[in-house]
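Asks: Sharing a structure, written as structure tokens. Questions coming.
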Amino acid sequence: MASNSPGYAITIRVDGPPSAQPVAEITAAITSAGASITALDVVESQIDRVVVDVSCDALDSDHAERITDAISANPNLTVRKVSDRTFLLHLGGKIEIHSKVPLKTRDDLSRAYTPGVARISQAIAKDPEDARRLTIKRNTVAVVTDGSAVLGLGNLGPAAALPVMEGKAALFKRFADVDAWPVCLDTQDVDEIVRTVQIIAPVYGGINLEDISAPRCFEIERRLRELLDIPVFHDDQHGTAIVVLAALQNSLKFVKKDLSKVKIVMSGAGAAGTAVANLLKVSGAKDIYTFDKDGPVSPTSFKGTISDALKGADVFIGVSAPNVLTESDIASMEQSSIVFALANPDPEIDPVIARKYAAVVATGRSDQPNQINNVLAFPGIFRGLLDGHIHKITDHMLVAAANAIASCVSSEQLNANFIIPSVFDPHVVTKVAEAVRSAAK
């Protein structure tokens, strides 16, 4: 099911004699290895040799090696160097700090730093609310993790979590002009995490919790929301729930079904699954069957397997693990069914198989239509929270954000392969931010 991805892109420098037609030989080798070329440049041409840089997307790291081996196996070609383009992108990190003010003269220094800055400090000491107006606090979010649940990779620790948090910060800036900063904590003790975030909070206008394993993430979020006067948002929970609700609203509109009347089966009862189920209930869903790896999750009285529950179900939402469903499971669902198989990178069911029976299929992958991507939610959420000086997040705001995302797909645009707007749709952040501010009022 998986396909070649830019996440495993490589660039290979190869040389060979002109008489051997190296460009044609390289192309044939890459094609035979099951890859396609995304760029090819002749970087050097001499009488006795031609040097070529060729880029292609691979399926995974092993596939990248097979591509290189296929070229090396040709006696006319010599592989000089292989560059992993994803690693190159991350060299030195992905974010940096820029000064917003010129510091070219003594006068500039006198105002930006001493002695002028003392007046700003005194004003904030007199009225702490001025910190939001006169410092970076007004537009800054801490992206906090302990590295205990990094993507789908598990407990990798804070250092390995850093590139993910950097990426999150880059997305905040790109999509909502929010200045976010990674805060990767070298502890997985709940009390230490809560206390650490509490004592660094004066710098920030909001806290985005990320990649903290369940069930600790629930307590951390709850306690920080009680302690802090700035909004605390756990994206793995609430970001996922918002985008799933938005996509489901449009999917149900497409198949002409009502949320309050459909049967929903969920796989996954961790942070994301719990939040999705809760937000669906807040929005009017009444018939939800939730499963984890051990079976039905309390308080449901259902005693069968997930396959049993899927018989006659209208909606499947998976936030769990790869390949937990079979083709017959999807075939047993109600007519015009909806399948959200969101486990990443490998979903609960091959989307190609699911589309044989389901009217709408969504995944978490960028190489499939209908990607359920949290970047549709969190930039606009925080843009609205920061601009509205909002201190607490409510379910009403989350539902409003989902409605705003769903509204970015018009009735004329809505179809089985377009239930959710593109992450590059410029209207999404604006509409979500406005929805959050309005809901807060």
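FYI, nothing fancy with the structure tokens labels: chains A, B, ... in order, residues from 1 per chain, ligands from 1 as they appear.
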Residues near region 274-279 of chain A, anyone? I mean within 12 Å using only C-alpha atoms, not counting same-chain ones fewer than 4 positions away, as an MDAnalysis selection string.

Replies: chainID A and resid 214:215 217:218 233:248 259 264:270 283:292 297:298 316:320 340 394:402

Asks: Which polymer residues have any atom within 8 Å of an atom of Val42 (chain A), counting only C-alpha atoms, with same-chain residues fewer than 5 positions away left out, as a PyMOL selection string?

Replies: chain A and resi 50-53

Asks: How about saving the chosen residues, N, CA and C atoms kept, as a compact mmCIF listing (two decimals), in the first residue's frame?

Replies:
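Heads up, here's the output in result.txt:
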```
# COMPACT_ATOMS: atom_id res chain seq x y z
N VAL A 50 30.98 11.81 -17.50
CA VAL A 50 29.85 12.69 -17.23
C VAL A 50 29.45 12.49 -15.77
N VAL A 51 29.27 13.59 -15.03
CA VAL A 51 28.86 13.51 -13.62
C VAL A 51 27.41 13.99 -13.53
N VAL A 52 26.57 13.16 -12.91
CA VAL A 52 25.13 13.43 -12.85
C VAL A 52 24.66 13.41 -11.40
N ASP A 53 23.84 14.40 -11.02
CA ASP A 53 23.11 14.38 -9.75
C ASP A 53 21.67 13.99 -10.04
```

Asks: Might you pull out every residue within 10 Å of His427 (chain A), with only C-alpha atoms counted and same-chain residues fewer than 2 positions away left off, and present them as a ChimeraX atom specification?

Replies: /A:380,404-405,407-408,421-425,429-432

Asks: Quick one: everything within 10 Å of Cys56 (chain A), counting only C-alpha atoms, minus sequence neighbours fewer than 2 positions away in the same chain. Send it as an NGL selection string.

Replies: :A and (4-6 or 8-12 or 30 or 35-40 or 54 or 58 or 64 or 67 or 85)

Asks: Please report, as a tab-separated table, each residue of region 98-160 of chain A lying at most 12 Å from region 181-190 of chain A, together with the nearest pair of atoms and the separation in Å rounded to one decimal; use only C-alpha atoms, and order rows by chain and ascending residue number.

Replies:
```
residue	atom	partner	partner_atom	distance
A:Ile136	CA	A:Trp181	CA	11.6
A:Lys137	CA	A:Trp181	CA	11.8
A:Asn139	CA	A:Trp181	CA	11.1
A:Thr140	CA	A:Trp181	CA	7.7
A:Val141	CA	A:Trp181	CA	6.5
A:Ala142	CA	A:Trp181	CA	5.2
A:Val143	CA	A:Pro182	CA	4.9
A:Val144	CA	A:Val183	CA	4.7
A:Thr145	CA	A:Cys184	CA	5.1
A:Asp146	CA	A:Leu185	CA	4.9
A:Gly147	CA	A:Cys184	CA	7.1
A:Ser148	CA	A:Gln188	CA	7.3
A:Ala149	CA	A:Gln188	CA	10.8
A:Val150	CA	A:Cys184	CA	11.4
A:Asn155	CA	A:Gln188	CA	10.1
A:Leu156	CA	A:Asp186	CA	11.1
A:Gly157	CA	A:Asp186	CA	7.4
A:Pro158	CA	A:Cys184	CA	5.0
A:Ala159	CA	A:Cys184	CA	7.2
A:Ala160	CA	A:Cys184	CA	9.3
```

Asks: Tell me, as a PyMOL selection string, which residues lie within 10 Å of region 350-357 of chain A, counting only C-alpha atoms; anything in the same chain fewer than 4 positions away does not count.

Replies: chain A and resi 1-2+322-323+325-341+346+361-363+368-369+416

Asks: Which neighbours of region 221-230 of chain A fall inside 7 Å, counting only C-alpha atoms, when residues of the same chain fewer than 2 positions from it are skipped, and could you give them as an MDAnalysis selection string?

Replies: chainID A and resid 194 198 205:206 217:219 232 234 391:392

Asks: Identify which of the residues A:Lys104, A:Arg383, A:Lys126, A:Arg365 lies closest to Phe175 (chain A), counting only C-alpha atoms when measuring atom-to-atom distances.

Replies: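 Residue with the minimum atom-to-atom distance to Phe175 (chain A): A:Arg383.
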
Asks: Could you find all residues in region 131-305 of chain A that DSSP calls helix (DSSP H, G or I) from the backbone, and write them as a ChimeraX atom specification?

Replies: /A:131-134,136-139,158-176,190-203,216-227,235-255,259-261,271-282

Asks: Which is closest to Ala33 (chain A) among A:Asp62, A:Glu129, A:Asp48, A:Asp15, if we use only C-alpha atoms?

Replies: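 Ranked by minimum distance to Ala33 (chain A), first place goes to A:Asp62.
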
Asks: Write out as a list in words each polymer residue whose atoms come within 12 Å of Lys94 (chain A), counting only C-alpha atoms; drop sequence neighbours fewer than 6 positions from it.

Replies: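 So, after excluding close chain neighbours, the residues are Thr86, Phe87, Leu88, Leu162, Pro163, Val164, Met165, Glu166, Gly167, Lys168, Ala169, Ala170, Leu171, Lys173, Arg174, Trp181 and Pro182 of chain A.
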
Asks: Write the residues of the selection above to a file with C-alpha atoms, as a PDB file, in the first residue's frame.

Replies:
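So out-v6.pdb came out as:
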```
ATOM      1  CA  THR A  86      15.636  14.970   4.668  1.00  0.00           C
ATOM      2  CA  PHE A  87      18.790  14.940   6.801  1.00  0.00           C
ATOM      3  CA  LEU A  88      20.188  17.830   4.755  1.00  0.00           C
ATOM      4  CA  LEU A 162      13.578  18.054  19.377  1.00  0.00           C
ATOM      5  CA  PRO A 163      13.430  17.843  15.552  1.00  0.00           C
ATOM      6  CA  VAL A 164       9.694  17.169  15.793  1.00  0.00           C
ATOM      7  CA  MET A 165       9.146  20.138  18.097  1.00  0.00           C
ATOM      8  CA  GLU A 166      11.273  22.314  15.799  1.00  0.00           C
ATOM      9  CA  GLY A 167       9.030  21.277  12.931  1.00  0.00           C
ATOM     10  CA  LYS A 168       5.966  22.160  14.974  1.00  0.00           C
ATOM     11  CA  ALA A 169       7.426  25.585  15.697  1.00  0.00           C
ATOM     12  CA  ALA A 170       8.140  26.097  11.991  1.00  0.00           C
ATOM     13  CA  LEU A 171       4.512  25.243  11.168  1.00  0.00           C
ATOM     14  CA  LYS A 173       5.261  30.474  12.096  1.00  0.00           C
ATOM     15  CA  ARG A 174       4.477  29.473   8.509  1.00  0.00           C
ATOM     16  CA  TRP A 181       9.737  27.495  20.695  1.00  0.00           C
ATOM     17  CA  PRO A 182      10.599  23.865  21.524  1.00  0.00           C
TER      18      PRO A 182
END
```

Asks: For CA of Asn374 (chain A) and CA of Glu96 (chain A), quote the distance in Å rounded to one decimal.

Replies: 23.1 Å
